[in-house]
Amino acid sequence: MTTALTDLSLEHLTSLVTSLGFKPFTASQLVLWLYRDAVGSFEEMTNLPKAARAVLQERFAVDPLEPITMLQGSDGTRKFLWKLRDGQRIESVLIPSEDGERLTACVSSQVGCAMACDFCRTGMMGLKRNLTLGEITSQLRLMKQKTEKPITNVVFMGMGEPLTNFQNVCDSITFMSSENAFGLGKRRITVSTSGLIPQLKRFCERFDVKIAISLSAANDELRDKLMPINKRYPIAELMQFCREYSEQKRHTIMFEYVLIKGVNDSQDQAERLVQILKGVRAKVNLIPFNPFEESEYKRPDSKVYEWWSKYLWDRGIPAPIRISGGRDILAACGQLATAEKKEKK
Ligand code: SAH
Ligand code: SF4
């Protein structure tokens, strides 16, 4: 199978260019074409010598995935289903902000996920494999081709636990944040994690992007059940990291709390949440559970999540309610899974 050019890191791209006998700055030109301009073919790279284009065309593909379908939700959210070269499928979502100022791309980092969170549809698939570098960045390239408006933000909140695909996620962020590539500011990129502390530490030493932590319970007993990763990295350790990070970087950490009816939506949990967030610059995104067929869990009444939001705000913790977009097309948080699985049902 021909290599996809987007699977090469900047370093590899540079050594490839030299090994093919092209001028070294060809690597920079390729980066501009691939990521800033998101062109679909080598022919469009008009400032490259014809001979170079011919060699690339013969030896490389541009992207390692292809679009299968695009669904448009009633709220303007668009869900893309991609086929990878081994036949696996992944999804990405484009979410416009209400004021139309932002267009956020939600990308996947793995096929499935190994973390097995109890309320998550992707988790139910188990982990099939990590995505390659190109499988991550090409989601963005191909969405860029399909939209007139510029993509302003990227969130790693699609399928997968980004920090367990460490190197490829890091390499993709290098392209996302580089001015000559996707050119997104570092604070316009958010990596969301279930809380793998060692990887999180290593990641934060390397990048200054936004961090989101999926919490969804405020005591170990409950979090062990909802998010099994908690057995390895319990709440106290996680919060210690968060306090140190907040203190050192002076950045706010976003916490995601999926509210599930009768499971983690009690007043006691809200009180505990306020306690454990002491000393952390925190914002809590309250995500009412998005139901899906394979789960018995239910979304709480709006009264309940409105109460939570007010309770946290009143105690100095910003806590917006995130009714995730694209519910009618199963593009909302935690609803991503391959169509293959849906077809089997
Ligand atoms: N694996 C990473 C990023 C992807 S999940 C993480 O867990 O942070 C993105 C978000 O969707 C997480 O905050 C998760 O808690 C949330 N989520 C998962 N299943 C959900 C569901 N059924 N309803 C609402 N949110 C869900
Ligand atoms: Fe994986 Fe995140 Fe889903 Fe947990 S919530 S199973 S970490 S994708």
# chains A, B, ... in the order shown; residues from 1 in each chain; ligands from 1
$ residues_near_ligand --ligand "ligand 2" --cutoff "8 Å" --atoms "only C-alpha atoms and all ligand atoms" --output "VMD selection string"
chain A and resid 112 to 124 157 to 161 192 to 194 214 227 334
$ select_by_dssp --residues "region 197-244 of chain A" --states "helix (DSSP H, G or I)" --output "short mmCIF file (atom, residue, chain, number, x, y, z; two decimals) with N, CA, C and O atoms, in the first residue's frame"
data_model
loop_
_atom_site.label_atom_id
_atom_site.label_comp_id
_atom_site.auth_asym_id
_atom_site.auth_seq_id
_atom_site.Cartn_x
_atom_site.Cartn_y
_atom_site.Cartn_z
N ILE A 197 -2.70 10.09 34.56
CA ILE A 197 -1.83 11.13 35.13
C ILE A 197 -0.41 11.18 34.55
O ILE A 197 0.04 12.26 34.16
N PRO A 198 0.31 10.06 34.45
CA PRO A 198 1.68 10.18 33.93
C PRO A 198 1.73 10.76 32.51
O PRO A 198 2.54 11.64 32.22
N GLN A 199 0.84 10.28 31.66
CA GLN A 199 0.80 10.79 30.29
C GLN A 199 0.41 12.27 30.26
O GLN A 199 0.92 13.05 29.47
N LEU A 200 -0.51 12.62 31.15
CA LEU A 200 -0.98 14.00 31.21
C LEU A 200 0.17 14.93 31.62
O LEU A 200 0.35 16.00 31.05
N LYS A 201 0.97 14.48 32.58
CA LYS A 201 2.13 15.28 33.01
C LYS A 201 3.08 15.48 31.85
O LYS A 201 3.53 16.59 31.58
N ARG A 202 3.39 14.39 31.18
CA ARG A 202 4.33 14.44 30.07
C ARG A 202 3.79 15.36 28.97
O ARG A 202 4.51 16.17 28.39
N PHE A 203 2.51 15.24 28.73
CA PHE A 203 1.88 16.03 27.67
C PHE A 203 1.94 17.53 28.00
O PHE A 203 2.26 18.35 27.14
N CYS A 204 1.62 17.86 29.25
CA CYS A 204 1.59 19.28 29.64
C CYS A 204 2.98 19.91 29.66
O CYS A 204 3.12 21.11 29.55
N GLU A 205 4.01 19.07 29.82
CA GLU A 205 5.37 19.62 29.73
C GLU A 205 5.69 20.00 28.30
O GLU A 205 6.50 20.88 28.03
N ARG A 206 5.05 19.33 27.37
CA ARG A 206 5.36 19.52 25.97
C ARG A 206 4.50 20.58 25.29
O ARG A 206 4.96 21.33 24.45
N ASP A 220 -14.40 8.29 44.86
CA ASP A 220 -13.77 7.15 44.19
C ASP A 220 -14.71 5.98 43.95
O ASP A 220 -14.67 5.34 42.91
N GLU A 221 -15.56 5.72 44.93
CA GLU A 221 -16.42 4.55 44.80
C GLU A 221 -17.28 4.62 43.53
O GLU A 221 -17.36 3.67 42.75
N LEU A 222 -17.84 5.80 43.32
CA LEU A 222 -18.70 5.97 42.14
C LEU A 222 -17.87 6.09 40.86
O LEU A 222 -18.22 5.51 39.82
N ARG A 223 -16.76 6.81 40.95
CA ARG A 223 -15.96 7.00 39.73
C ARG A 223 -15.32 5.67 39.30
O ARG A 223 -15.19 5.41 38.10
N ASP A 224 -14.95 4.83 40.26
CA ASP A 224 -14.43 3.50 39.92
C ASP A 224 -15.43 2.75 39.04
O ASP A 224 -15.06 2.04 38.12
N LYS A 225 -16.68 2.94 39.36
CA LYS A 225 -17.73 2.21 38.63
C LYS A 225 -17.98 2.84 37.25
O LYS A 225 -18.12 2.13 36.26
N LEU A 226 -18.03 4.17 37.22
CA LEU A 226 -18.36 4.84 35.95
C LEU A 226 -17.17 4.91 35.01
O LEU A 226 -17.32 4.80 33.79
N PRO A 228 -13.54 3.20 34.91
CA PRO A 228 -12.62 2.24 35.55
C PRO A 228 -11.17 2.74 35.67
O PRO A 228 -10.44 2.26 36.54
N ILE A 229 -10.76 3.70 34.84
CA ILE A 229 -9.40 4.24 34.94
C ILE A 229 -9.14 4.82 36.33
O ILE A 229 -8.00 4.92 36.78
N ASN A 230 -10.23 5.17 37.03
CA ASN A 230 -10.10 5.74 38.36
C ASN A 230 -9.45 4.78 39.36
O ASN A 230 -8.85 5.20 40.34
N LYS A 231 -9.56 3.48 39.08
CA LYS A 231 -8.93 2.51 39.99
C LYS A 231 -7.41 2.66 39.93
O LYS A 231 -6.72 2.41 40.90
N ILE A 235 -9.15 9.92 42.37
CA ILE A 235 -9.47 11.35 42.35
C ILE A 235 -8.44 12.21 43.08
O ILE A 235 -8.03 13.25 42.57
N ALA A 236 -7.98 11.77 44.25
CA ALA A 236 -7.05 12.62 45.01
C ALA A 236 -5.77 12.89 44.22
O ALA A 236 -5.28 14.02 44.18
N GLU A 237 -5.26 11.86 43.54
CA GLU A 237 -4.04 12.05 42.74
C GLU A 237 -4.28 12.96 41.56
O GLU A 237 -3.46 13.80 41.21
N LEU A 238 -5.44 12.76 40.96
CA LEU A 238 -5.80 13.58 39.80
C LEU A 238 -5.90 15.05 40.20
O LEU A 238 -5.39 15.94 39.53
N MET A 239 -6.54 15.27 41.35
CA MET A 239 -6.74 16.64 41.80
C MET A 239 -5.43 17.29 42.25
O MET A 239 -5.25 18.48 42.10
N GLN A 240 -4.54 16.46 42.77
CA GLN A 240 -3.24 17.01 43.14
C GLN A 240 -2.51 17.53 41.89
O GLN A 240 -1.96 18.63 41.87
N PHE A 241 -2.56 16.72 40.83
CA PHE A 241 -1.96 17.18 39.58
C PHE A 241 -2.63 18.48 39.12
O PHE A 241 -1.95 19.43 38.74
N CYS A 242 -3.97 18.51 39.19
CA CYS A 242 -4.70 19.69 38.71
C CYS A 242 -4.34 20.94 39.51
O CYS A 242 -4.19 22.03 38.95
N ARG A 243 -4.18 20.78 40.82
CA ARG A 243 -3.82 21.94 41.64
C ARG A 243 -2.43 22.45 41.27
O ARG A 243 -2.22 23.64 41.09
N GLU A 244 -1.49 21.53 41.10
CA GLU A 244 -0.13 21.93 40.75
C GLU A 244 -0.10 22.61 39.38
O GLU A 244 0.55 23.63 39.19
#
$ closest_residue --among "A:Ile211, A:Val280, A:Ile317, A:Ile90" --to "Lys128 (chain A)" --atoms "only C-alpha atoms"
A:Ile90
$ closest_residue --among "A:Leu94, A:Met143, A:Ile287, A:Met125" --to "ligand 1" --atoms "only C-alpha atoms and all ligand atoms"
A:Ile287
$ residues_around --residues "Ala61 (chain A)" --least-positions-apart "2" --cutoff "9 Å" --atoms "only C-alpha atoms" --output "PyMOL selection string"
chain A and resi 2-6+41-42+56-59+63-64
$ select_by_dssp --residues "region 127-293 of chain A" --states "strand (DSSP E or B)" --output "ChimeraX atom specification"
/A:127-130,153-156,189-193,210-214,253-259,282-288
$ closest_residue --among "A:Ser108, A:Asn219, A:Ser178, A:Ser309" --to "ligand 1" --atoms "only C-alpha atoms and all ligand atoms"
A:Ser108
$ residues_around --residues "Pro288 (chain A)" --least-positions-apart "3" --cutoff "10 Å" --atoms "only C-alpha atoms" --output "PyMOL selection string"
chain A and resi 257-261+265+285+291+298-302+304-305+321-324+333
$ closest_residue --among "A:His12, A:Ala181, A:Ser92, A:Phe166" --to "Gln29 (chain A)" --atoms "only C-alpha atoms"
A:Ala181
$ residues_around --residues "Asp208 (chain A)" --least-positions-apart "3" --cutoff "12 Å" --atoms "only C-alpha atoms" --output "PyMOL selection string"
chain A and resi 170+173-174+177+185-191+200-205+211+245+248-253
$ closest_residue --among "A:Gly279, A:Arg53, A:Trp313, A:Met1" --to "Glu247 (chain A)" --atoms "only C-alpha atoms"
A:Gly279
$ closest_residue --among "A:Ser74, A:Asn264, A:Gln139, A:Asn165" --to "Ser109 (chain A)" --atoms "only C-alpha atoms"
A:Asn165
$ atom_distance --atom1 "CA of Arg36 (chain A)" --atom2 "CA of Ile136 (chain A)"
15.4 Å
$ residues_around --residues "Leu142 (chain A)" --least-positions-apart "2" --cutoff "12 Å" --atoms "only C-alpha atoms" --output "number ranges by chain"
A: 6, 34-41, 62-68, 70, 80-82, 92-94, 105, 107, 134-140, 144-147, 151
$ write_last_selection --atoms "N, CA, C and O atoms" --output "CSV table (one decimal), in the first residue's frame"
chain,number,residue,atom,x,y,z
A,6,THR,N,0.3,12.5,4.6
A,6,THR,CA,0.0,13.1,5.9
A,6,THR,C,0.4,12.2,7.0
A,6,THR,O,0.3,12.6,8.2
A,34,LEU,N,-0.6,20.9,2.1
A,34,LEU,CA,-1.3,19.9,2.8
A,34,LEU,C,-2.2,20.4,3.9
A,34,LEU,O,-3.4,20.0,4.0
A,35,TYR,N,-1.7,21.4,4.7
A,35,TYR,CA,-2.4,21.7,5.9
A,35,TYR,C,-3.0,23.1,5.8
A,35,TYR,O,-4.2,23.3,6.2
A,36,ARG,N,-2.3,24.1,5.3
A,36,ARG,CA,-2.9,25.5,5.2
A,36,ARG,C,-4.0,25.5,4.1
A,36,ARG,O,-5.1,25.9,4.3
A,37,ASP,N,-3.6,24.9,3.0
A,37,ASP,CA,-4.5,25.0,1.8
A,37,ASP,C,-5.4,23.7,1.7
A,37,ASP,O,-6.4,23.7,1.0
A,38,ALA,N,-5.0,22.7,2.4
A,38,ALA,CA,-5.8,21.4,2.4
A,38,ALA,C,-6.2,21.0,0.9
A,38,ALA,O,-7.3,20.5,0.7
A,39,VAL,N,-5.2,21.0,0.0
A,39,VAL,CA,-5.6,20.6,-1.4
A,39,VAL,C,-5.7,19.1,-1.4
A,39,VAL,O,-5.2,18.4,-0.6
A,40,GLY,N,-6.5,18.6,-2.4
A,40,GLY,CA,-6.8,17.2,-2.5
A,40,GLY,C,-5.9,16.4,-3.3
A,40,GLY,O,-6.0,15.1,-3.3
A,41,SER,N,-5.0,17.0,-4.1
A,41,SER,CA,-4.2,16.2,-5.0
A,41,SER,C,-2.8,16.9,-5.2
A,41,SER,O,-2.7,18.1,-5.0
A,62,VAL,N,-2.4,11.0,-0.8
A,62,VAL,CA,-2.4,12.2,0.0
A,62,VAL,C,-3.0,11.8,1.4
A,62,VAL,O,-2.3,12.1,2.5
A,63,ASP,N,-4.1,11.3,1.5
A,63,ASP,CA,-4.8,11.0,2.8
A,63,ASP,C,-4.9,9.5,3.0
A,63,ASP,O,-5.1,8.7,2.1
A,64,PRO,N,-4.9,9.0,4.3
A,64,PRO,CA,-5.1,7.6,4.6
A,64,PRO,C,-6.5,7.2,4.9
A,64,PRO,O,-6.8,6.2,5.4
A,65,LEU,N,-7.4,8.1,4.6
A,65,LEU,CA,-8.9,7.8,4.8
A,65,LEU,C,-9.7,8.5,3.8
A,65,LEU,O,-9.3,9.4,3.1
A,66,GLU,N,-10.9,8.0,3.6
A,66,GLU,CA,-11.8,8.6,2.6
A,66,GLU,C,-13.2,8.8,3.3
A,66,GLU,O,-13.6,8.0,4.1
A,67,PRO,N,-13.9,9.8,2.8
A,67,PRO,CA,-15.3,10.0,3.3
A,67,PRO,C,-16.3,9.0,2.9
A,67,PRO,O,-16.2,8.5,1.8
A,68,ILE,N,-17.1,8.6,3.8
A,68,ILE,CA,-18.2,7.7,3.5
A,68,ILE,C,-19.5,8.5,3.4
A,68,ILE,O,-20.2,8.6,2.4
A,70,MET,N,-21.8,12.1,5.1
A,70,MET,CA,-21.8,13.3,5.9
A,70,MET,C,-23.3,13.6,6.3
A,70,MET,O,-24.1,13.6,5.4
A,80,PHE,N,-19.2,13.4,10.2
A,80,PHE,CA,-18.5,12.8,9.1
A,80,PHE,C,-18.1,11.4,9.5
A,80,PHE,O,-17.6,11.2,10.5
A,81,LEU,N,-18.4,10.5,8.6
A,81,LEU,CA,-18.0,9.1,8.8
A,81,LEU,C,-16.9,8.8,7.8
A,81,LEU,O,-17.1,9.1,6.6
A,82,TRP,N,-15.8,8.3,8.3
A,82,TRP,CA,-14.6,8.0,7.4
A,82,TRP,C,-14.3,6.5,7.4
A,82,TRP,O,-14.4,5.9,8.4
A,92,SER,N,-15.9,12.1,12.8
A,92,SER,CA,-15.6,13.4,13.3
A,92,SER,C,-16.8,14.3,13.2
A,92,SER,O,-17.8,14.0,12.5
A,93,VAL,N,-16.8,15.4,14.0
A,93,VAL,CA,-18.0,16.3,14.0
A,93,VAL,C,-17.5,17.7,13.9
A,93,VAL,O,-16.5,18.1,14.4
A,94,LEU,N,-18.3,18.5,13.1
A,94,LEU,CA,-18.1,19.9,12.9
A,94,LEU,C,-19.2,20.7,13.6
A,94,LEU,O,-20.4,20.4,13.3
A,105,ALA,N,-14.0,21.7,15.3
A,105,ALA,CA,-13.9,20.3,14.8
A,105,ALA,C,-13.6,19.4,15.9
A,105,ALA,O,-12.6,19.6,16.7
A,107,VAL,N,-12.4,15.8,16.8
A,107,VAL,CA,-11.7,14.7,16.0
A,107,VAL,C,-11.5,13.5,16.9
A,107,VAL,O,-11.5,13.5,18.1
A,134,GLY,N,-1.6,10.6,10.1
A,134,GLY,CA,-2.4,11.1,9.0
A,134,GLY,C,-3.9,10.9,9.2
A,134,GLY,O,-4.7,11.7,8.7
A,135,GLU,N,-4.2,9.8,9.9
A,135,GLU,CA,-5.7,9.6,10.1
A,135,GLU,C,-6.2,10.6,11.1
A,135,GLU,O,-7.5,10.9,11.0
A,136,ILE,N,-5.4,11.2,11.9
A,136,ILE,CA,-5.9,12.3,12.7
A,136,ILE,C,-6.0,13.6,11.9
A,136,ILE,O,-7.0,14.3,11.8
A,137,THR,N,-4.8,14.0,11.3
A,137,THR,CA,-4.8,15.3,10.6
A,137,THR,C,-5.7,15.3,9.4
A,137,THR,O,-6.2,16.4,9.0
A,138,SER,N,-5.8,14.2,8.7
A,138,SER,CA,-6.6,14.2,7.5
A,138,SER,C,-8.1,14.4,7.8
A,138,SER,O,-8.9,14.9,7.0
A,139,GLN,N,-8.6,14.0,9.0
A,139,GLN,CA,-10.0,14.3,9.4
A,139,GLN,C,-10.2,15.8,9.2
A,139,GLN,O,-11.2,16.3,8.7
A,140,LEU,N,-9.2,16.6,9.7
A,140,LEU,CA,-9.3,18.0,9.7
A,140,LEU,C,-9.1,18.6,8.3
A,140,LEU,O,-9.9,19.5,7.9
A,144,LYS,N,-12.0,20.6,6.3
A,144,LYS,CA,-11.7,21.9,5.8
A,144,LYS,C,-12.1,22.1,4.4
A,144,LYS,O,-12.6,23.1,4.0
A,145,GLN,N,-11.9,21.0,3.6
A,145,GLN,CA,-12.3,21.0,2.2
A,145,GLN,C,-13.8,21.2,2.0
A,145,GLN,O,-14.3,21.6,1.0
A,146,LYS,N,-14.6,20.7,3.0
A,146,LYS,CA,-16.0,20.6,2.9
A,146,LYS,C,-16.7,21.9,3.5
A,146,LYS,O,-17.9,21.9,3.5
A,147,THR,N,-16.0,22.8,4.0
A,147,THR,CA,-16.6,23.9,4.7
A,147,THR,C,-16.0,25.3,4.2
A,147,THR,O,-14.8,25.3,3.9
A,151,ILE,N,-12.2,26.6,10.1
A,151,ILE,CA,-12.3,25.9,11.3
A,151,ILE,C,-11.4,26.7,12.3
A,151,ILE,O,-10.2,26.9,12.1
$ atom_distance --atom1 "atom 13 (O, counted along the ligand's line) of ligand 1" --atom2 "CA of Asn290 (chain A)"
11.4 Å
$ atom_distance --atom1 "CA of Leu133 (chain A)" --atom2 "atom 21 (C, counted along the ligand's line) of ligand 1"
26.3 Å
$ residues_around --residues "region 20-25 of chain A" --least-positions-apart "6" --cutoff "9 Å" --atoms "only C-alpha atoms" --output "PDB file with N, CA and C atoms, in the first residue's frame"
ATOM      1  N   THR A  14      10.712  16.084   5.857  1.00  0.00           N
ATOM      2  CA  THR A  14      11.953  16.768   5.489  1.00  0.00           C
ATOM      3  C   THR A  14      12.982  15.769   4.973  1.00  0.00           C
ATOM      4  N   ALA A  52       8.681  16.661  -9.628  1.00  0.00           N
ATOM      5  CA  ALA A  52       8.452  16.342  -8.215  1.00  0.00           C
ATOM      6  C   ALA A  52       7.017  15.873  -8.015  1.00  0.00           C
ATOM      7  N   VAL A  55       6.648  12.296  -9.225  1.00  0.00           N
ATOM      8  CA  VAL A  55       7.226  11.301  -8.303  1.00  0.00           C
ATOM      9  C   VAL A  55       6.305  11.089  -7.107  1.00  0.00           C
TER      10      VAL A  55
END
